[in-house]
$ cat data-v7.pdb   # PDB, C-alpha atoms
MODEL        1
ATOM      1  CA  MET A   1      48.579 235.322 -71.752
ATOM      2  CA  SER A   2      51.229 236.800 -73.991
ATOM      3  CA  GLU A   3      53.172 234.847 -76.610
ATOM      4  CA  LEU A   4      56.443 235.305 -74.709
ATOM      5  CA  THR A   5      54.999 233.908 -71.465
ATOM      6  CA  LEU A   6      53.567 230.884 -73.259
ATOM      7  CA  PHE A   7      56.906 230.315 -75.035
ATOM      8  CA  ILE A   8      58.841 230.435 -71.714
ATOM      9  CA  LEU A   9      56.360 228.072 -70.020
ATOM     10  CA  ARG A  10      56.710 225.572 -72.900
ATOM     11  CA  PHE A  11      60.516 225.539 -72.643
ATOM     12  CA  GLY A  12      60.334 225.327 -68.843
ATOM     13  CA  PHE A  13      57.981 222.339 -69.072
ATOM     14  CA  LEU A  14      60.204 220.709 -71.706
ATOM     15  CA  GLY A  15      63.273 221.253 -69.491
ATOM     16  CA  LEU A  16      61.460 219.706 -66.522
ATOM     17  CA  LEU A  17      60.500 216.652 -68.604
ATOM     18  CA  TRP A  18      64.121 216.168 -69.714
ATOM     19  CA  PHE A  19      65.255 216.499 -66.097
ATOM     20  CA  PHE A  20      62.959 213.609 -65.097
ATOM     21  CA  VAL A  21      64.157 211.512 -68.050
ATOM     22  CA  PHE A  22      67.803 211.990 -67.020
ATOM     23  CA  ALA A  23      66.951 211.239 -63.369
ATOM     24  CA  VAL A  24      65.317 207.938 -64.382
ATOM     25  CA  VAL A  25      68.260 206.992 -66.627
ATOM     26  CA  TYR A  26      70.737 207.793 -63.824
ATOM     27  CA  ALA A  27      68.746 205.698 -61.313
ATOM     28  CA  LEU A  28      68.602 202.749 -63.730
ATOM     29  CA  ARG A  29      72.320 203.036 -64.469
ATOM     30  CA  SER A  30      73.295 203.033 -60.793
ATOM     31  CA  ASP A  31      70.990 200.066 -60.112
ATOM     32  CA  LEU A  32      72.433 198.053 -62.989
ATOM     33  CA  PHE A  33      76.114 198.947 -62.689
ATOM     34  CA  GLY A  34      76.470 200.121 -59.087
ATOM     35  CA  GLN A  35      78.094 203.211 -57.694
ATOM     36  CA  ARG A  36      81.567 204.188 -58.819
ATOM     37  CA  VAL A  37      84.136 203.493 -56.141
ATOM     38  CA  ARG A  38      87.281 205.559 -55.933
ATOM     39  CA  LYS A  39      90.434 203.945 -54.608
ATOM     40  CA  GLN A  40      91.892 205.786 -51.645
ATOM     41  CA  PRO A  41      95.648 206.396 -51.926
ATOM     42  CA  GLU A  42      97.590 204.243 -49.502
ATOM     43  CA  PRO A  43      99.208 206.283 -46.728
ATOM     44  CA  ALA A  44     102.989 206.204 -46.508
ATOM     45  CA  ALA A  45     102.913 204.993 -42.896
ATOM     46  CA  ALA A  46     101.942 201.414 -42.236
ATOM     47  CA  ALA A  47      98.253 201.060 -41.462
ATOM     48  CA  PRO A  48      97.288 199.236 -38.277
ATOM     49  CA  VAL A  49      96.657 195.571 -38.896
ATOM     50  CA  TYR A  50      93.231 194.286 -37.934
ATOM     51  CA  SER A  51      93.562 191.601 -35.330
ATOM     52  CA  ALA A  52      90.793 189.067 -35.279
ATOM     53  CA  PRO A  53      88.687 188.788 -32.146
ATOM     54  CA  PRO A  54      89.172 185.658 -30.076
ATOM     55  CA  VAL A  55      87.243 182.793 -31.579
ATOM     56  CA  THR A  56      86.024 179.555 -30.138
ATOM     57  CA  VAL A  57      86.868 176.711 -32.429
ATOM     58  CA  ALA A  58      84.283 174.008 -32.961
ATOM     59  CA  PRO A  59      85.565 170.633 -34.075
ATOM     60  CA  SER A  60      84.996 169.859 -37.714
ATOM     61  CA  PRO A  61      82.104 167.451 -38.376
ATOM     62  CA  ALA A  62      84.325 165.534 -40.789
ATOM     63  CA  ALA A  63      87.179 165.098 -38.333
ATOM     64  CA  PRO A  64      86.231 165.023 -34.660
ATOM     65  CA  SER A  65      89.689 163.929 -33.567
ATOM     66  CA  ARG A  66      92.797 166.047 -34.047
ATOM     67  CA  SER A  67      95.208 163.471 -35.276
ATOM     68  CA  THR A  68      98.193 164.552 -37.379
ATOM     69  CA  ASN A  69      96.742 163.184 -40.610
ATOM     70  CA  SER A  70      93.530 165.267 -40.340
ATOM     71  CA  SER A  71      95.066 168.426 -38.903
ATOM     72  CA  SER A  72      95.390 171.469 -41.121
ATOM     73  CA  LEU A  73      98.700 172.508 -39.529
ATOM     74  CA  GLY A  74     100.689 171.104 -42.436
ATOM     75  CA  ALA A  75      98.582 172.943 -45.037
ATOM     76  CA  THR A  76     100.712 175.313 -47.077
ATOM     77  CA  ARG A  77      98.468 176.064 -50.057
ATOM     78  CA  LEU A  78      94.850 176.585 -51.030
ATOM     79  CA  VAL A  79      93.706 174.805 -54.208
ATOM     80  CA  ILE A  80      90.455 175.800 -55.925
ATOM     81  CA  THR A  81      88.731 172.582 -57.001
ATOM     82  CA  GLY A  82      85.507 173.975 -58.484
ATOM     83  CA  GLY A  83      84.121 177.213 -59.855
ATOM     84  CA  ALA A  84      85.356 179.941 -62.175
ATOM     85  CA  LYS A  85      88.958 179.813 -60.916
ATOM     86  CA  GLU A  86      89.251 176.002 -60.845
ATOM     87  CA  GLY A  87      92.864 174.830 -60.752
ATOM     88  CA  LEU A  88      94.231 178.009 -59.145
ATOM     89  CA  GLU A  89      96.685 177.417 -56.283
ATOM     90  CA  LEU A  90      97.479 180.074 -53.693
ATOM     91  CA  PRO A  91     100.141 179.887 -50.980
ATOM     92  CA  LEU A  92      98.539 180.344 -47.569
ATOM     93  CA  PRO A  93      99.576 183.542 -45.781
ATOM     94  CA  SER A  94     101.214 183.508 -42.369
ATOM     95  CA  GLU A  95      98.124 184.572 -40.362
ATOM     96  CA  GLN A  96      94.841 185.018 -42.225
ATOM     97  CA  LEU A  97      93.210 185.065 -45.647
ATOM     98  CA  THR A  98      90.017 186.991 -46.347
ATOM     99  CA  ILE A  99      87.597 185.673 -48.959
ATOM    100  CA  GLY A 100      84.883 187.616 -50.773
ATOM    101  CA  ARG A 101      83.930 189.836 -53.683
ATOM    102  CA  ALA A 102      85.783 192.896 -52.371
ATOM    103  CA  SER A 103      88.916 193.794 -54.299
ATOM    104  CA  GLU A 104      90.928 194.000 -51.069
ATOM    105  CA  SER A 105      90.192 190.341 -50.241
ATOM    106  CA  GLY A 106      93.074 187.878 -50.364
ATOM    107  CA  LEU A 107      90.946 185.505 -52.458
ATOM    108  CA  VAL A 108      88.520 187.412 -54.684
ATOM    109  CA  ILE A 109      85.498 185.367 -55.793
ATOM    110  CA  ARG A 110      83.205 187.216 -58.167
ATOM    111  CA  ASP A 111      79.851 185.461 -58.311
ATOM    112  CA  ASP A 112      76.290 186.287 -57.296
ATOM    113  CA  TYR A 113      76.343 183.947 -54.285
ATOM    114  CA  THR A 114      79.420 185.406 -52.579
ATOM    115  CA  SER A 115      79.197 188.340 -50.165
ATOM    116  CA  THR A 116      81.588 191.285 -50.277
ATOM    117  CA  HIS A 117      83.285 190.094 -47.088
ATOM    118  CA  HIS A 118      82.208 186.454 -47.028
ATOM    119  CA  ALA A 119      84.631 184.427 -44.908
ATOM    120  CA  ARG A 120      88.065 184.389 -43.334
ATOM    121  CA  LEU A 121      90.691 181.658 -42.937
ATOM    122  CA  LEU A 122      92.702 182.099 -39.736
ATOM    123  CA  LEU A 123      95.764 180.291 -38.468
ATOM    124  CA  TRP A 124      94.610 179.382 -34.961
ATOM    125  CA  GLN A 125      96.756 177.383 -32.532
ATOM    126  CA  ASP A 126      97.266 174.042 -34.272
ATOM    127  CA  GLY A 127      95.590 174.598 -37.638
ATOM    128  CA  TRP A 128      93.563 176.647 -40.062
ATOM    129  CA  VAL A 129      90.072 177.760 -39.038
ATOM    130  CA  ILE A 130      87.288 179.024 -41.332
ATOM    131  CA  GLN A 131      85.024 181.788 -40.029
ATOM    132  CA  ASP A 132      81.873 182.887 -41.846
ATOM    133  CA  LEU A 133      81.500 186.679 -41.709
ATOM    134  CA  ASP A 134      77.679 186.711 -41.551
ATOM    135  CA  SER A 135      77.378 186.038 -45.268
ATOM    136  CA  THR A 136      73.973 185.757 -46.896
ATOM    137  CA  ASN A 137      74.447 182.359 -48.574
ATOM    138  CA  GLY A 138      76.781 180.782 -46.020
ATOM    139  CA  THR A 139      80.072 178.937 -45.995
ATOM    140  CA  PHE A 140      80.060 175.137 -46.152
ATOM    141  CA  LEU A 141      82.728 172.769 -44.837
ATOM    142  CA  ASP A 142      82.308 169.259 -46.246
ATOM    143  CA  GLY A 143      78.621 169.991 -46.968
ATOM    144  CA  THR A 144      77.839 171.367 -43.480
ATOM    145  CA  ARG A 145      77.154 175.069 -42.978
ATOM    146  CA  VAL A 146      79.781 176.834 -40.855
ATOM    147  CA  ILE A 147      78.123 178.757 -38.021
ATOM    148  CA  VAL A 148      81.023 179.098 -35.600
ATOM    149  CA  PRO A 149      84.724 179.214 -36.528
ATOM    150  CA  THR A 150      85.600 175.625 -37.437
ATOM    151  CA  GLN A 151      88.904 173.876 -38.014
ATOM    152  CA  VAL A 152      89.529 172.922 -41.649
ATOM    153  CA  PRO A 153      91.232 169.545 -42.116
ATOM    154  CA  VAL A 154      93.563 169.034 -45.079
ATOM    155  CA  ASN A 155      91.821 167.844 -48.290
ATOM    156  CA  THR A 156      88.330 168.714 -46.973
ATOM    157  CA  PRO A 157      86.182 170.699 -49.428
ATOM    158  CA  VAL A 158      85.057 174.200 -48.453
ATOM    159  CA  LYS A 159      82.328 175.799 -50.577
ATOM    160  CA  ILE A 160      81.720 179.531 -50.846
ATOM    161  CA  GLY A 161      79.150 180.531 -53.448
ATOM    162  CA  THR A 162      79.872 178.486 -56.562
ATOM    163  CA  THR A 163      83.562 178.045 -55.694
ATOM    164  CA  SER A 164      85.009 175.038 -53.863
ATOM    165  CA  PHE A 165      88.522 174.813 -52.476
ATOM    166  CA  GLU A 166      90.693 172.624 -50.251
ATOM    167  CA  LEU A 167      93.708 173.159 -48.060
ATOM    168  CA  ARG A 168      96.621 170.986 -49.102
ATOM    169  CA  ARG A 169     100.178 170.305 -48.021
TER     170      ARG A 169
ENDMDL
END
$ encode --input "data-v7.pdb" --output "structure tokens"
Amino acid sequence: MSELTLFILRFGFLGLLWFFVFAVVYALRSDLFGQRVRKQPEPAAAAPVYSAPPVTVAPSPAAPSRSTNSSSLGATRLVITGGAKEGLELPLPSEQLTIGRASESGLVIRDDYTSTHHARLLLWQDGWVIQDLDSTNGTFLDGTRVIVPTQVPVNTPVKIGTTSFELRR
């Protein structure tokens, strides 16, 4: 084999080794930090609003009767009582509030136990209803896991991940 051929093979092999090194570093970086997400520009026309599918409301285990003192109809704000954002108060929107890690959520909770689209608070007939959106770690209303959309009485703790909140008047 000539000197030139051996020289080219050495540089080719060295280039291939560096390619594998960069591929491993890229894979580790994307596993540790995630993929980069680009924000889509908002269109000038109003986007269609997602309407929630009809839900069947199960009575809350904490409040089987719907008396005026346990109803969530008078709730006007959401108060975070535990977690990283403890003490934060949010006014409740007119129809629904999405909760999760996603940046487009109405209430963004960034912890390891919260799904990207974790839960949704809906104004349904005579009060606020919490709906778990098939989250991995679940949504808990007064210590009981929410399986079906359930009415949320005022001053009853709701726990999502490491964050707890209540609806208040």
$ resolve_selection --input "data-v7.pdb" --expression "the PyMOL selection byres ((chain A and resi 111) around 10)" --output "list in words"
Gly83, Ala84, Gly100, Arg101, Val108, Ile109, Arg110, Asp112, Tyr113, Thr114, Ser115, Ile160, Gly161, Thr162 and Thr163 of chain A
$ closest_residue --input "data-v7.pdb" --among "A:His117, A:Lys85, A:Arg10, A:Arg77" --to "Glu104 of chain A" --atoms "all atoms listed in the file"
A:His117
$ resolve_selection --input "data-v7.pdb" --expression "the PyMOL selection byres ((chain A and resi 94) around 10)" --output "list in words"
Thr76, Pro91, Leu92, Pro93, Glu95, Gln96, Leu97, Leu122 and Leu123 of chain A
$ write_last_selection --input "data-v7.pdb" --atoms "C-alpha atoms" --output "compact mmCIF listing (two decimals), keeping the file's coordinate frame"
# COMPACT_ATOMS: atom_id res chain seq x y z
CA THR A 76 100.71 175.31 -47.08
CA PRO A 91 100.14 179.89 -50.98
CA LEU A 92 98.54 180.34 -47.57
CA PRO A 93 99.58 183.54 -45.78
CA GLU A 95 98.12 184.57 -40.36
CA GLN A 96 94.84 185.02 -42.22
CA LEU A 97 93.21 185.06 -45.65
CA LEU A 122 92.70 182.10 -39.74
CA LEU A 123 95.76 180.29 -38.47
$ atom_distance --input "data-v7.pdb" --atom1 "atom CA of Leu88 of chain A" --atom2 "atom CA of Phe165 of chain A"
9.3 Å
$ resolve_selection --input "data-v7.pdb" --expression "the PyMOL selection byres ((chain A and resi 124) around 9)" --output "PyMOL selection string"
chain A and resi 55+57+95+122-123+125-129+151
$ write_last_selection --input "data-v7.pdb" --atoms "C-alpha atoms" --output "CSV table (one decimal), in the coordinates of the input"
chain,number,residue,atom,x,y,z
A,55,VAL,CA,87.2,182.8,-31.6
A,57,VAL,CA,86.9,176.7,-32.4
A,95,GLU,CA,98.1,184.6,-40.4
A,122,LEU,CA,92.7,182.1,-39.7
A,123,LEU,CA,95.8,180.3,-38.5
A,125,GLN,CA,96.8,177.4,-32.5
A,126,ASP,CA,97.3,174.0,-34.3
A,127,GLY,CA,95.6,174.6,-37.6
A,128,TRP,CA,93.6,176.6,-40.1
A,129,VAL,CA,90.1,177.8,-39.0
A,151,GLN,CA,88.9,173.9,-38.0
$ atom_distance --input "data-v7.pdb" --atom1 "atom CA of Leu107 of chain A" --atom2 "atom CA of Arg168 of chain A"
15.9 Å
$ atom_distance --input "data-v7.pdb" --atom1 "atom CA of Leu32 of chain A" --atom2 "atom CA of Ser135 of chain A"
22.0 Å
$ axis_aligned_box --input "data-v7.pdb" --around "segment 116-132 of chain A" --padding-each-side "8 Å" --output "JSON"
{"center_x": 89.4, "center_y": 182.7, "center_z": -41.4, "size_x": 31.7, "size_y": 33.2, "size_z": 33.7}
$ decode --input "data-v7.pdb" --residues "segment 101-164 of chain A" --atoms "C-alpha atoms" --output "mmCIF file, in the first residue's frame"
data_model
loop_
_atom_site.group_PDB
_atom_site.id
_atom_site.type_symbol
_atom_site.label_atom_id
_atom_site.label_comp_id
_atom_site.auth_asym_id
_atom_site.auth_seq_id
_atom_site.Cartn_x
_atom_site.Cartn_y
_atom_site.Cartn_z
ATOM 1 C CA ARG A 101 -46.021 22.175 32.179
ATOM 2 C CA ALA A 102 -46.746 23.495 28.678
ATOM 3 C CA SER A 103 -46.058 27.189 28.207
ATOM 4 C CA GLU A 104 -49.502 27.704 26.659
ATOM 5 C CA SER A 105 -51.241 26.487 29.839
ATOM 6 C CA GLY A 106 -53.198 29.021 31.874
ATOM 7 C CA LEU A 107 -51.454 27.811 35.042
ATOM 8 C CA VAL A 108 -47.912 26.626 34.313
ATOM 9 C CA ILE A 109 -46.516 24.216 36.919
ATOM 10 C CA ARG A 110 -42.925 23.209 36.282
ATOM 11 C CA ASP A 111 -42.099 20.118 38.309
ATOM 12 C CA ASP A 112 -41.218 16.507 37.548
ATOM 13 C CA TYR A 113 -44.623 15.187 38.644
ATOM 14 C CA THR A 114 -46.757 17.367 36.365
ATOM 15 C CA SER A 115 -47.620 16.339 32.804
ATOM 16 C CA THR A 116 -47.409 18.726 29.862
ATOM 17 C CA HIS A 117 -51.203 18.893 29.658
ATOM 18 C CA HIS A 118 -52.153 17.683 33.129
ATOM 19 C CA ALA A 119 -55.648 18.902 34.008
ATOM 20 C CA ARG A 120 -58.364 21.377 33.129
ATOM 21 C CA LEU A 121 -60.751 23.450 35.255
ATOM 22 C CA LEU A 122 -64.085 23.989 33.499
ATOM 23 C CA LEU A 123 -67.041 26.152 34.411
ATOM 24 C CA TRP A 124 -69.854 23.610 34.127
ATOM 25 C CA GLN A 125 -73.486 24.452 34.898
ATOM 26 C CA ASP A 126 -73.454 25.443 38.568
ATOM 27 C CA GLY A 127 -69.752 25.332 39.422
ATOM 28 C CA TRP A 128 -66.152 24.599 38.590
ATOM 29 C CA VAL A 129 -65.202 21.064 37.552
ATOM 30 C CA ILE A 130 -61.695 19.546 37.480
ATOM 31 C CA GLN A 131 -60.868 17.106 34.683
ATOM 32 C CA ASP A 132 -57.674 15.047 34.633
ATOM 33 C CA LEU A 133 -56.251 14.866 31.101
ATOM 34 C CA ASP A 134 -54.837 11.325 31.409
ATOM 35 C CA SER A 135 -51.842 12.541 33.388
ATOM 36 C CA THR A 136 -49.211 10.096 34.578
ATOM 37 C CA ASN A 137 -49.237 11.025 38.283
ATOM 38 C CA GLY A 138 -52.895 12.010 38.598
ATOM 39 C CA THR A 139 -54.914 14.891 39.964
ATOM 40 C CA PHE A 140 -56.169 14.730 43.551
ATOM 41 C CA LEU A 141 -59.212 16.484 45.008
ATOM 42 C CA ASP A 142 -59.145 16.482 48.813
ATOM 43 C CA GLY A 143 -56.790 13.465 48.769
ATOM 44 C CA THR A 144 -58.900 11.398 46.330
ATOM 45 C CA ARG A 145 -57.691 10.777 42.784
ATOM 46 C CA VAL A 146 -59.881 12.395 40.119
ATOM 47 C CA ILE A 147 -60.890 9.830 37.495
ATOM 48 C CA VAL A 148 -63.963 11.493 36.018
ATOM 49 C CA PRO A 149 -64.628 15.248 35.860
ATOM 50 C CA THR A 150 -65.531 16.217 39.426
ATOM 51 C CA GLN A 151 -67.015 19.362 40.916
ATOM 52 C CA VAL A 152 -64.564 21.370 43.030
ATOM 53 C CA PRO A 153 -66.092 22.921 46.158
ATOM 54 C CA VAL A 154 -64.728 26.231 47.446
ATOM 55 C CA ASN A 155 -61.769 25.898 49.874
ATOM 56 C CA THR A 156 -61.154 22.230 48.957
ATOM 57 C CA PRO A 157 -57.503 21.395 48.208
ATOM 58 C CA VAL A 158 -56.588 20.169 44.725
ATOM 59 C CA LYS A 159 -53.124 18.649 44.277
ATOM 60 C CA ILE A 160 -51.286 18.417 40.968
ATOM 61 C CA GLY A 161 -47.704 17.204 41.231
ATOM 62 C CA THR A 162 -46.130 19.025 44.164
ATOM 63 C CA THR A 163 -48.502 22.001 43.884
ATOM 64 C CA SER A 164 -51.721 22.395 45.877
#
